[in-house]
$ cat run.cif   # mmCIF, C-alpha atoms
data_model
#
loop_
_atom_site.group_PDB
_atom_site.id
_atom_site.type_symbol
_atom_site.label_atom_id
_atom_site.label_comp_id
_atom_site.auth_asym_id
_atom_site.auth_seq_id
_atom_site.Cartn_x
_atom_site.Cartn_y
_atom_site.Cartn_z
ATOM 1 C CA MET X 161 -52.745 119.081 132.525
ATOM 2 C CA ALA X 162 -50.136 118.894 129.795
ATOM 3 C CA LEU X 163 -49.978 115.761 127.658
ATOM 4 C CA LYS X 164 -46.918 113.656 128.109
ATOM 5 C CA LYS X 165 -44.807 113.840 125.014
ATOM 6 C CA GLU X 166 -43.831 110.470 123.618
ATOM 7 C CA PRO X 167 -40.143 110.013 123.192
ATOM 8 C CA GLU X 168 -38.964 110.313 119.588
ATOM 9 C CA LYS X 169 -38.511 106.913 117.899
ATOM 10 C CA HIS X 170 -34.978 105.918 117.110
ATOM 11 C CA VAL X 171 -34.305 105.701 113.371
ATOM 12 C CA ASN X 172 -33.532 102.094 112.256
ATOM 13 C CA HIS X 173 -30.607 102.198 109.820
ATOM 14 C CA GLU X 174 -30.636 98.444 109.145
ATOM 15 C CA ARG X 175 -34.020 98.134 107.391
ATOM 16 C CA TRP X 176 -32.252 97.524 104.095
ATOM 17 C CA LEU X 177 -31.224 94.119 105.401
ATOM 18 C CA VAL X 178 -34.834 92.971 105.223
ATOM 19 C CA SER X 179 -35.136 93.847 101.532
ATOM 20 C CA TYR X 180 -31.735 92.369 100.819
ATOM 21 C CA ALA X 181 -32.669 89.118 102.551
ATOM 22 C CA ASP X 182 -35.879 88.915 100.509
ATOM 23 C CA PHE X 183 -33.910 89.477 97.335
ATOM 24 C CA ILE X 184 -31.379 86.761 98.178
ATOM 25 C CA THR X 185 -34.194 84.352 99.035
ATOM 26 C CA LEU X 186 -35.935 84.974 95.681
ATOM 27 C CA LEU X 187 -32.659 84.655 93.762
ATOM 28 C CA PHE X 188 -31.926 81.360 95.476
ATOM 29 C CA ALA X 189 -35.390 80.103 94.581
ATOM 30 C CA VAL X 190 -34.855 81.057 90.922
ATOM 31 C CA PHE X 191 -31.570 79.144 90.700
ATOM 32 C CA VAL X 192 -33.040 76.110 92.415
ATOM 33 C CA THR X 193 -35.890 76.118 89.902
ATOM 34 C CA LEU X 194 -33.523 76.441 86.934
ATOM 35 C CA TYR X 195 -31.347 73.644 88.249
ATOM 36 C CA ALA X 196 -34.353 71.380 88.723
ATOM 37 C CA MET X 197 -35.537 72.126 85.180
ATOM 38 C CA SER X 198 -32.115 71.389 83.678
ATOM 39 C CA GLN X 199 -31.874 68.077 85.495
ATOM 40 C CA SER X 200 -35.325 67.113 84.288
ATOM 41 C CA ASP X 201 -34.492 67.968 80.682
ATOM 42 C CA LYS X 202 -31.258 65.999 80.861
ATOM 43 C CA LYS X 203 -33.064 62.962 82.187
ATOM 44 C CA LYS X 204 -35.704 63.224 79.487
ATOM 45 C CA ALA X 205 -33.013 63.607 76.812
ATOM 46 C CA GLU X 206 -31.291 60.454 78.026
ATOM 47 C CA GLU X 207 -34.586 58.588 77.978
ATOM 48 C CA VAL X 208 -35.253 59.716 74.390
ATOM 49 C CA MET X 209 -31.726 58.694 73.340
ATOM 50 C CA GLN X 210 -32.084 55.237 74.862
ATOM 51 C CA SER X 211 -35.496 54.809 73.253
ATOM 52 C CA ILE X 212 -34.075 55.621 69.786
ATOM 53 C CA GLN X 213 -31.109 53.309 70.258
ATOM 54 C CA GLN X 214 -33.365 50.471 71.406
ATOM 55 C CA SER X 215 -35.607 51.006 68.381
ATOM 56 C CA PHE X 216 -32.664 50.566 65.996
ATOM 57 C CA GLY X 217 -31.247 47.644 67.958
ATOM 58 C CA MET X 218 -28.106 49.517 68.994
ATOM 59 C CA ILE X 219 -28.400 48.589 72.663
ATOM 60 C CA GLN X 220 -30.469 46.188 74.680
ATOM 61 C CA SER X 221 -33.136 47.309 77.117
ATOM 62 C CA GLY X 222 -31.670 48.030 80.541
ATOM 63 C CA ALA X 223 -28.087 48.359 79.254
ATOM 64 C CA PRO X 224 -26.150 51.486 80.194
ATOM 65 C CA SER X 225 -26.091 54.280 77.666
ATOM 66 C CA PRO X 226 -22.890 54.138 75.602
ATOM 67 C CA LYS X 227 -20.437 57.007 75.847
ATOM 68 C CA MET X 228 -19.927 59.060 72.723
ATOM 69 C CA ASN X 229 -16.297 59.403 71.647
ATOM 70 C CA VAL X 230 -15.199 62.653 70.038
ATOM 71 C CA LEU X 231 -12.595 62.368 67.292
ATOM 72 C CA PRO X 232 -9.708 64.789 67.857
ATOM 73 C CA SER X 233 -9.372 67.355 65.084
ATOM 74 C CA SER X 234 -5.807 66.193 64.437
ATOM 75 C CA GLN X 235 -7.157 62.826 63.283
ATOM 76 C CA VAL X 236 -9.554 64.208 60.672
ATOM 77 C CA ASN X 237 -8.486 63.213 57.166
ATOM 78 C CA ILE X 238 -9.990 64.929 54.124
ATOM 79 C CA THR X 239 -8.428 62.593 51.566
ATOM 80 C CA PRO X 240 -10.767 60.150 49.835
ATOM 81 C CA SER X 241 -11.284 56.897 51.688
ATOM 82 C CA ILE X 242 -12.395 53.492 50.489
ATOM 83 C CA ARG X 243 -15.632 52.280 52.055
ATOM 84 C CA PRO X 244 -16.162 48.590 51.307
ATOM 85 C CA GLU X 245 -19.753 48.681 52.476
ATOM 86 C CA ILE X 246 -20.759 50.936 49.572
ATOM 87 C CA SER X 247 -22.735 49.107 46.953
ATOM 88 C CA VAL X 248 -24.750 51.109 44.438
ATOM 89 C CA ALA X 249 -27.245 48.828 42.746
ATOM 90 C CA PRO X 250 -27.558 49.059 38.963
ATOM 91 C CA GLY X 251 -30.119 51.647 37.985
ATOM 92 C CA SER X 252 -29.647 53.874 41.038
ATOM 93 C CA ARG X 253 -27.701 57.129 41.085
ATOM 94 C CA ALA X 254 -25.133 58.222 43.625
ATOM 95 C CA SER X 255 -25.688 61.618 45.244
ATOM 96 C CA ARG X 256 -24.218 64.461 43.209
ATOM 97 C CA GLY X 257 -21.544 66.710 44.698
ATOM 98 C CA GLN X 258 -21.780 70.413 43.976
ATOM 99 C CA PHE X 259 -18.067 71.163 44.046
ATOM 100 C CA LYS X 260 -15.191 69.103 42.688
ATOM 101 C CA THR X 261 -11.480 69.679 42.490
ATOM 102 C CA ARG X 262 -9.041 68.476 39.869
ATOM 103 C CA ALA X 263 -6.780 65.619 40.919
ATOM 104 C CA ASP X 264 -3.039 66.082 40.458
ATOM 105 C CA GLU X 265 -0.152 63.625 40.746
ATOM 106 C CA LYS X 266 -0.292 63.727 44.554
ATOM 107 C CA ASP X 267 -3.993 62.883 44.474
ATOM 108 C CA PHE X 268 -3.317 60.052 41.995
ATOM 109 C CA ARG X 269 -0.868 58.503 44.464
ATOM 110 C CA GLN X 270 -3.364 58.806 47.316
ATOM 111 C CA ILE X 271 -6.159 57.259 45.250
ATOM 112 C CA LYS X 272 -3.893 54.432 44.087
ATOM 113 C CA SER X 273 -2.766 53.721 47.653
ATOM 114 C CA SER X 274 -6.361 53.643 48.919
ATOM 115 C CA ILE X 275 -7.617 51.366 46.146
ATOM 116 C CA ASP X 276 -4.610 49.049 46.460
ATOM 117 C CA ALA X 277 -5.298 48.677 50.190
ATOM 118 C CA TYR X 278 -8.953 47.919 49.487
ATOM 119 C CA LEU X 279 -8.048 45.301 46.861
ATOM 120 C CA VAL X 280 -5.742 43.558 49.312
ATOM 121 C CA LYS X 281 -8.477 43.547 51.951
ATOM 122 C CA GLN X 282 -10.960 42.060 49.467
ATOM 123 C CA GLY X 283 -8.457 39.619 47.977
ATOM 124 C CA ALA X 284 -9.028 41.137 44.522
ATOM 125 C CA GLN X 285 -5.442 42.039 43.563
ATOM 126 C CA ASN X 286 -5.633 39.667 40.582
ATOM 127 C CA LYS X 287 -8.715 41.465 39.202
ATOM 128 C CA VAL X 288 -7.471 45.064 39.124
ATOM 129 C CA SER X 289 -4.097 46.715 38.615
ATOM 130 C CA LEU X 290 -3.230 50.403 38.933
ATOM 131 C CA THR X 291 -0.454 52.443 37.341
ATOM 132 C CA ILE X 292 0.393 56.136 37.228
ATOM 133 C CA THR X 293 1.803 57.511 33.983
ATOM 134 C CA ARG X 294 2.122 60.893 32.337
ATOM 135 C CA ARG X 295 -1.435 60.394 31.023
ATOM 136 C CA GLY X 296 -2.766 60.059 34.593
ATOM 137 C CA LEU X 297 -4.075 57.223 36.770
ATOM 138 C CA ILE X 298 -4.861 54.003 34.886
ATOM 139 C CA VAL X 299 -7.085 51.409 36.560
ATOM 140 C CA SER X 300 -7.044 48.176 34.570
ATOM 141 C CA LEU X 301 -10.142 46.013 35.055
ATOM 142 C CA LYS X 302 -9.149 42.530 33.961
ATOM 143 C CA GLU X 303 -11.593 40.462 31.927
ATOM 144 C CA ALA X 304 -11.594 37.528 34.363
ATOM 145 C CA GLY X 305 -13.049 39.657 37.143
ATOM 146 C CA PHE X 306 -15.528 41.753 35.188
ATOM 147 C CA PHE X 307 -16.649 40.036 31.951
ATOM 148 C CA ASP X 308 -17.457 36.558 30.775
ATOM 149 C CA SER X 309 -15.358 35.335 27.868
ATOM 150 C CA GLY X 310 -16.592 36.821 24.583
ATOM 151 C CA GLN X 311 -19.250 38.939 26.352
ATOM 152 C CA ALA X 312 -19.524 42.708 26.907
ATOM 153 C CA GLN X 313 -21.984 42.853 29.808
ATOM 154 C CA ILE X 314 -20.471 43.559 33.245
ATOM 155 C CA LYS X 315 -20.798 40.642 35.656
ATOM 156 C CA ALA X 316 -23.235 41.172 38.520
ATOM 157 C CA SER X 317 -20.560 39.956 40.931
ATOM 158 C CA ALA X 318 -18.291 42.830 39.844
ATOM 159 C CA TYR X 319 -20.648 45.676 40.739
ATOM 160 C CA GLU X 320 -19.425 46.125 44.304
ATOM 161 C CA LEU X 321 -15.802 46.392 43.193
ATOM 162 C CA ILE X 322 -16.630 48.806 40.377
ATOM 163 C CA ASN X 323 -18.794 50.919 42.674
ATOM 164 C CA THR X 324 -16.100 51.316 45.299
ATOM 165 C CA ILE X 325 -13.429 52.270 42.773
ATOM 166 C CA SER X 326 -15.719 54.594 40.826
ATOM 167 C CA GLU X 327 -16.966 56.405 43.913
ATOM 168 C CA VAL X 328 -13.424 57.510 44.741
ATOM 169 C CA MET X 329 -12.442 58.473 41.205
ATOM 170 C CA THR X 330 -15.608 60.452 40.453
ATOM 171 C CA GLN X 331 -14.996 62.768 43.406
ATOM 172 C CA TYR X 332 -12.768 64.762 41.049
ATOM 173 C CA ASN X 333 -13.524 66.567 37.786
ATOM 174 C CA ASN X 334 -10.717 65.059 35.710
ATOM 175 C CA PRO X 335 -11.842 63.691 32.342
ATOM 176 C CA LEU X 336 -12.288 59.911 32.248
ATOM 177 C CA ARG X 337 -11.649 57.498 29.396
ATOM 178 C CA LEU X 338 -12.700 53.871 29.166
ATOM 179 C CA GLU X 339 -10.507 51.880 26.799
ATOM 180 C CA GLY X 340 -11.318 48.317 25.806
ATOM 181 C CA HIS X 341 -8.580 45.794 24.936
ATOM 182 C CA THR X 342 -8.516 42.136 23.879
ATOM 183 C CA ASP X 343 -5.904 39.510 23.126
ATOM 184 C CA ASN X 344 -5.015 38.524 19.544
ATOM 185 C CA ILE X 345 -7.307 35.493 19.340
ATOM 186 C CA PRO X 346 -9.963 36.318 16.690
ATOM 187 C CA ILE X 347 -13.625 36.391 17.595
ATOM 188 C CA SER X 348 -16.438 36.050 15.085
ATOM 189 C CA THR X 349 -20.002 35.972 16.397
ATOM 190 C CA SER X 350 -23.249 37.561 15.273
ATOM 191 C CA GLN X 351 -22.881 40.135 18.040
ATOM 192 C CA PHE X 352 -19.140 40.733 17.748
ATOM 193 C CA PRO X 353 -17.718 40.092 14.272
ATOM 194 C CA SER X 354 -14.226 41.045 15.490
ATOM 195 C CA ASN X 355 -12.245 42.148 18.533
ATOM 196 C CA TRP X 356 -12.885 45.757 17.551
ATOM 197 C CA GLU X 357 -16.590 45.422 18.355
ATOM 198 C CA LEU X 358 -15.973 43.434 21.548
ATOM 199 C CA SER X 359 -13.410 45.842 23.010
ATOM 200 C CA THR X 360 -15.511 48.889 22.104
ATOM 201 C CA ALA X 361 -18.734 47.372 23.495
ATOM 202 C CA ARG X 362 -17.078 46.629 26.848
ATOM 203 C CA ALA X 363 -15.767 50.185 27.106
ATOM 204 C CA VAL X 364 -19.151 51.677 26.167
ATOM 205 C CA ASN X 365 -20.982 49.518 28.711
ATOM 206 C CA GLY X 366 -18.579 50.692 31.400
ATOM 207 C CA LEU X 367 -19.175 54.308 30.345
ATOM 208 C CA LYS X 368 -22.955 53.898 30.503
ATOM 209 C CA TYR X 369 -22.760 52.384 33.972
ATOM 210 C CA LEU X 370 -20.653 55.255 35.352
ATOM 211 C CA VAL X 371 -22.841 57.966 33.816
ATOM 212 C CA LYS X 372 -26.015 56.288 35.060
ATOM 213 C CA ASN X 373 -24.906 55.594 38.620
ATOM 214 C CA PHE X 374 -22.332 58.245 39.505
ATOM 215 C CA ASP X 375 -21.740 61.964 39.321
ATOM 216 C CA VAL X 376 -20.031 62.002 35.947
ATOM 217 C CA ASP X 377 -20.427 64.776 33.373
ATOM 218 C CA PRO X 378 -21.108 63.166 29.970
ATOM 219 C CA ASP X 379 -18.893 65.782 28.296
ATOM 220 C CA LYS X 380 -15.930 64.610 30.400
ATOM 221 C CA ILE X 381 -16.072 60.903 29.701
ATOM 222 C CA SER X 382 -15.423 58.897 26.541
ATOM 223 C CA ALA X 383 -15.003 55.300 25.398
ATOM 224 C CA THR X 384 -12.902 53.623 22.755
ATOM 225 C CA GLY X 385 -11.838 50.139 21.667
ATOM 226 C CA TYR X 386 -8.321 49.131 20.675
ATOM 227 C CA ALA X 387 -8.918 45.405 20.061
ATOM 228 C CA GLU X 388 -5.583 43.535 20.332
ATOM 229 C CA PHE X 389 -3.365 46.360 19.091
ATOM 230 C CA ARG X 390 -2.216 47.856 22.410
ATOM 231 C CA PRO X 391 -1.110 44.821 24.426
ATOM 232 C CA LEU X 392 0.481 44.978 27.864
ATOM 233 C CA ALA X 393 2.128 41.557 27.558
ATOM 234 C CA ASP X 394 3.135 39.006 24.959
ATOM 235 C CA ASN X 395 0.154 37.261 23.401
ATOM 236 C CA ALA X 396 2.276 34.144 22.875
ATOM 237 C CA THR X 397 1.426 32.898 26.393
ATOM 238 C CA ALA X 398 -1.886 32.328 28.169
ATOM 239 C CA GLU X 399 -0.735 34.543 31.012
ATOM 240 C CA GLY X 400 0.136 37.364 28.627
ATOM 241 C CA ARG X 401 -3.201 37.096 26.831
ATOM 242 C CA ALA X 402 -5.030 37.250 30.183
ATOM 243 C CA LYS X 403 -3.262 40.538 31.004
ATOM 244 C CA ASN X 404 -4.212 41.999 27.636
ATOM 245 C CA ARG X 405 -7.932 41.274 28.008
ATOM 246 C CA ARG X 406 -8.986 44.307 30.034
ATOM 247 C CA VAL X 407 -10.842 47.625 30.199
ATOM 248 C CA ASP X 408 -8.715 50.551 31.332
ATOM 249 C CA LEU X 409 -10.416 53.312 33.314
ATOM 250 C CA VAL X 410 -8.111 56.280 32.780
ATOM 251 C CA MET X 411 -8.289 59.384 34.984
ATOM 252 C CA LEU X 412 -6.554 61.931 32.785
ATOM 253 C CA SER X 413 -3.960 64.388 34.024
ATOM 254 C CA GLY X 414 -3.475 67.809 32.470
ATOM 255 C CA ASP X 415 -0.870 66.433 30.046
ATOM 256 C CA GLY X 416 -3.053 63.454 29.273
ATOM 257 C CA GLU X 417 -6.047 65.647 28.492
ATOM 258 C CA ARG X 418 -4.017 67.881 26.179
ATOM 259 C CA GLY X 419 -2.884 64.783 24.312
ATOM 260 C CA GLU X 420 -6.436 63.575 23.674
ATOM 261 C CA PRO X 421 -8.159 64.233 20.336
#
$ encode --input "run.cif" --output "C-alpha cells"
Amino acid sequence: MALKKEPEKHVNHERWLVSYADFITLLFAVFVTLYAMSQSDKKKAEEVMQSIQQSFGMIQSGAPSPKMNVLPSSQVNITPSIRPEISVAPGSRASRGQFKTRADEKDFRQIKSSIDAYLVKQGAQNKVSLTITRRGLIVSLKEAGFFDSGQAQIKASAYELINTISEVMTQYNNPLRLEGHTDNIPISTSQFPSNWELSTARAVNGLKYLVKNFDVDPDKISATGYAEFRPLADNATAEGRAKNRRVDLVMLSGDGERGEP
C-alpha cells in the first residue's frame, strides 16, 4: 500500500517580523535603561551640588536649589574693573600675570574713570586725585590719607585703597614712577634732616610696597623726591600746602618714558 504523501508546507514569508520585533524590543529596553541612568545621575548631581552649597552656607537645608544665571556674551567687559573687596595684606604677593599689554591714552581714561567711581563709592575723593597729561596717568596720593605728618611709613588704614588702585595699574607693563612732594615748611629731625629726605623716603616706601605685593618689574619702576620744589598749589595757604604734600604714582606714556632720564 502506497504511503500517503504529506502536503508540501506553505512557505512563511513573514518570519522576518519575529526578528524585527525582537530587535525593536531590545532597542526599547536599551533606551529605557539609558534614560533611567541619566535621571539617576542628574539626581545625584543635584544632591552633590546642594551638599556643597550647604557646606559653604550658600543655602539652607531644605531650600530649593538656586538657578544659575548665564551672562550674555554681549555683557562681557574686558576692561579693568575696580573690586573693592580686594585687600592684599602687607607681606603677601598678588598673583603674577604672564602677559601684559601697554596702556595708551584710551586705557588711561578707562582706568581714571574706574578709580574715580571707586573713590566716590568709598567716600575717598579727598584722599586721591587723578590727572592725565602728556607724561601719562598721574595718581596723587595725598599725605592726609596715606602718611602721618612728618612720617614716611604708609598708614595701615590706607592699604586697602592702595591695593585697589595698584591692582588696576599693574595690569599693564607701562613704567611706573613714584614721586614724593612736600610743602615749603622746613623739617629737621634725626630721621629727616630736610624735606628732601622726607619726600624721597615716602616715594621709596611706596615703591617697596608695590614691588613686594604686586606684579611689578623692578626695572620698570623708580622713585624720586622733589621736596617742596614742584608744588601744585600756592604754599601761602593751608589748603595749598595740603595739596602739595603728596606722593604721585605716575603711569608713564610713551612720550613720558622717552622724557625720563
$ resolve_selection --input "run.cif" --expression "the PyMOL selection byres ((chain X and resi 400-406) around 12)" --output "PyMOL selection string"
chain X and resi 286-289+298-312+314+338-345+355+358-360+362-363+366+385-399+407-409
$ atom_distance --input "run.cif" --atom1 "CA of Glu357 (chain X)" --atom2 "CA of Glu327 (chain X)"
27.8 Å
$ atom_distance --input "run.cif" --atom1 "CA of Thr291 (chain X)" --atom2 "CA of Gln331 (chain X)"
18.8 Å
$ resolve_selection --input "run.cif" --expression "the PyMOL selection byres ((chain X and resi 378) around 12)" --output "PDB file with C-alpha atoms, in the coordinates of the input"
ATOM      1  CA  ASN X 333     -13.524  66.567  37.786  1.00  0.00           C
ATOM      2  CA  PRO X 335     -11.842  63.691  32.342  1.00  0.00           C
ATOM      3  CA  LEU X 336     -12.288  59.911  32.248  1.00  0.00           C
ATOM      4  CA  ARG X 337     -11.649  57.498  29.396  1.00  0.00           C
ATOM      5  CA  LEU X 367     -19.175  54.308  30.345  1.00  0.00           C
ATOM      6  CA  LYS X 368     -22.955  53.898  30.503  1.00  0.00           C
ATOM      7  CA  TYR X 369     -22.760  52.384  33.972  1.00  0.00           C
ATOM      8  CA  LEU X 370     -20.653  55.255  35.352  1.00  0.00           C
ATOM      9  CA  VAL X 371     -22.841  57.966  33.816  1.00  0.00           C
ATOM     10  CA  LYS X 372     -26.015  56.288  35.060  1.00  0.00           C
ATOM     11  CA  PHE X 374     -22.332  58.245  39.505  1.00  0.00           C
ATOM     12  CA  ASP X 375     -21.740  61.964  39.321  1.00  0.00           C
ATOM     13  CA  VAL X 376     -20.031  62.002  35.947  1.00  0.00           C
ATOM     14  CA  ASP X 377     -20.427  64.776  33.373  1.00  0.00           C
ATOM     15  CA  ASP X 379     -18.893  65.782  28.296  1.00  0.00           C
ATOM     16  CA  LYS X 380     -15.930  64.610  30.400  1.00  0.00           C
ATOM     17  CA  ILE X 381     -16.072  60.903  29.701  1.00  0.00           C
ATOM     18  CA  SER X 382     -15.423  58.897  26.541  1.00  0.00           C
ATOM     19  CA  ALA X 383     -15.003  55.300  25.398  1.00  0.00           C
TER      20      ALA X 383
END
$ atom_distance --input "run.cif" --atom1 "CA of Leu177 (chain X)" --atom2 "CA of Phe191 (chain X)"
21.0 Å
$ closest_residue --input "run.cif" --among "X:Ile275, X:Val178, X:Leu297, X:Leu187" --to "Gly414 (chain X)" --atoms "all atoms listed in the file"
X:Leu297
$ residues_around --input "run.cif" --residues "Thr293 (chain X)" --least-positions-apart "4" --cutoff "10 Å" --atoms "all atoms listed in the file" --output "number ranges by chain"
X: 265, 268, 297-298, 412-413, 416
$ write_last_selection --input "run.cif" --atoms "C-alpha atoms" --output "short mmCIF file (atom, residue, chain, number, x, y, z; two decimals), in the frame of the given file"
data_model
loop_
_atom_site.label_atom_id
_atom_site.label_comp_id
_atom_site.auth_asym_id
_atom_site.auth_seq_id
_atom_site.Cartn_x
_atom_site.Cartn_y
_atom_site.Cartn_z
CA GLU X 265 -0.15 63.62 40.75
CA PHE X 268 -3.32 60.05 42.00
CA LEU X 297 -4.08 57.22 36.77
CA ILE X 298 -4.86 54.00 34.89
CA LEU X 412 -6.55 61.93 32.78
CA SER X 413 -3.96 64.39 34.02
CA GLY X 416 -3.05 63.45 29.27
#
$ residues_around --input "run.cif" --residues "Tyr332 (chain X)" --least-positions-apart "6" --cutoff "9 Å" --atoms "only C-alpha atoms" --output "PDB file with C-alpha atoms, in the coordinates of the input"
ATOM      1  CA  PHE X 259     -18.067  71.163  44.046  1.00  0.00           C
ATOM      2  CA  LYS X 260     -15.191  69.103  42.688  1.00  0.00           C
ATOM      3  CA  THR X 261     -11.480  69.679  42.490  1.00  0.00           C
ATOM      4  CA  ARG X 262      -9.041  68.476  39.869  1.00  0.00           C
ATOM      5  CA  ALA X 263      -6.780  65.619  40.919  1.00  0.00           C
TER       6      ALA X 263
END
$ closest_residue --input "run.cif" --among "X:Asn365, X:Gly419, X:Ile292, X:Asn334" --to "Lys315 (chain X)" --atoms "all atoms listed in the file"
X:Asn365
$ closest_residue --input "run.cif" --among "X:Asn373, X:Ile347, X:Arg269, X:Asp415" --to "Thr330 (chain X)" --atoms "all atoms listed in the file"
X:Asn373
$ build_atoms --input "run.cif" --residues "region 291-306 of chain X" --atoms "N, CA and C atoms" --output "PDB file, in the coordinates of the input"
ATOM      1  N   THR X 291      -1.731  51.828  37.686  1.00  0.00           N
ATOM      2  CA  THR X 291      -0.454  52.443  37.341  1.00  0.00           C
ATOM      3  C   THR X 291      -0.660  53.938  37.174  1.00  0.00           C
ATOM      4  N   ILE X 292       0.406  54.692  37.432  1.00  0.00           N
ATOM      5  CA  ILE X 292       0.393  56.136  37.228  1.00  0.00           C
ATOM      6  C   ILE X 292       1.400  56.464  36.138  1.00  0.00           C
ATOM      7  N   THR X 293       0.936  57.109  35.086  1.00  0.00           N
ATOM      8  CA  THR X 293       1.803  57.511  33.983  1.00  0.00           C
ATOM      9  C   THR X 293       1.619  59.004  33.734  1.00  0.00           C
ATOM     10  N   ARG X 294       2.280  59.481  32.683  1.00  0.00           N
ATOM     11  CA  ARG X 294       2.122  60.893  32.337  1.00  0.00           C
ATOM     12  C   ARG X 294       0.686  61.206  31.935  1.00  0.00           C
ATOM     13  N   ARG X 295      -0.025  60.195  31.406  1.00  0.00           N
ATOM     14  CA  ARG X 295      -1.435  60.394  31.023  1.00  0.00           C
ATOM     15  C   ARG X 295      -2.323  60.589  32.242  1.00  0.00           C
ATOM     16  N   GLY X 296      -1.943  59.979  33.387  1.00  0.00           N
ATOM     17  CA  GLY X 296      -2.766  60.059  34.593  1.00  0.00           C
ATOM     18  C   GLY X 296      -2.798  58.728  35.324  1.00  0.00           C
ATOM     19  N   LEU X 297      -3.901  58.464  36.015  1.00  0.00           N
ATOM     20  CA  LEU X 297      -4.075  57.223  36.770  1.00  0.00           C
ATOM     21  C   LEU X 297      -4.835  56.219  35.900  1.00  0.00           C
ATOM     22  N   ILE X 298      -4.244  55.037  35.718  1.00  0.00           N
ATOM     23  CA  ILE X 298      -4.861  54.003  34.886  1.00  0.00           C
ATOM     24  C   ILE X 298      -5.257  52.833  35.773  1.00  0.00           C
ATOM     25  N   VAL X 299      -6.559  52.542  35.807  1.00  0.00           N
ATOM     26  CA  VAL X 299      -7.085  51.409  36.560  1.00  0.00           C
ATOM     27  C   VAL X 299      -7.505  50.342  35.547  1.00  0.00           C
ATOM     28  N   SER X 300      -6.775  49.241  35.534  1.00  0.00           N
ATOM     29  CA  SER X 300      -7.044  48.176  34.570  1.00  0.00           C
ATOM     30  C   SER X 300      -7.968  47.135  35.187  1.00  0.00           C
ATOM     31  N   LEU X 301      -9.159  47.002  34.612  1.00  0.00           N
ATOM     32  CA  LEU X 301     -10.142  46.013  35.055  1.00  0.00           C
ATOM     33  C   LEU X 301      -9.983  44.780  34.171  1.00  0.00           C
ATOM     34  N   LYS X 302      -9.465  43.720  34.746  1.00  0.00           N
ATOM     35  CA  LYS X 302      -9.149  42.530  33.961  1.00  0.00           C
ATOM     36  C   LYS X 302     -10.412  41.744  33.613  1.00  0.00           C
ATOM     37  N   GLU X 303     -10.403  41.157  32.429  1.00  0.00           N
ATOM     38  CA  GLU X 303     -11.593  40.462  31.927  1.00  0.00           C
ATOM     39  C   GLU X 303     -12.095  39.407  32.911  1.00  0.00           C
ATOM     40  N   ALA X 304     -11.186  38.647  33.507  1.00  0.00           N
ATOM     41  CA  ALA X 304     -11.594  37.528  34.363  1.00  0.00           C
ATOM     42  C   ALA X 304     -12.471  37.977  35.522  1.00  0.00           C
ATOM     43  N   GLY X 305     -12.274  39.199  36.001  1.00  0.00           N
ATOM     44  CA  GLY X 305     -13.049  39.657  37.143  1.00  0.00           C
ATOM     45  C   GLY X 305     -14.309  40.417  36.784  1.00  0.00           C
ATOM     46  N   PHE X 306     -14.434  40.845  35.516  1.00  0.00           N
ATOM     47  CA  PHE X 306     -15.528  41.753  35.188  1.00  0.00           C
ATOM     48  C   PHE X 306     -16.389  41.317  33.999  1.00  0.00           C
TER      49      PHE X 306
END
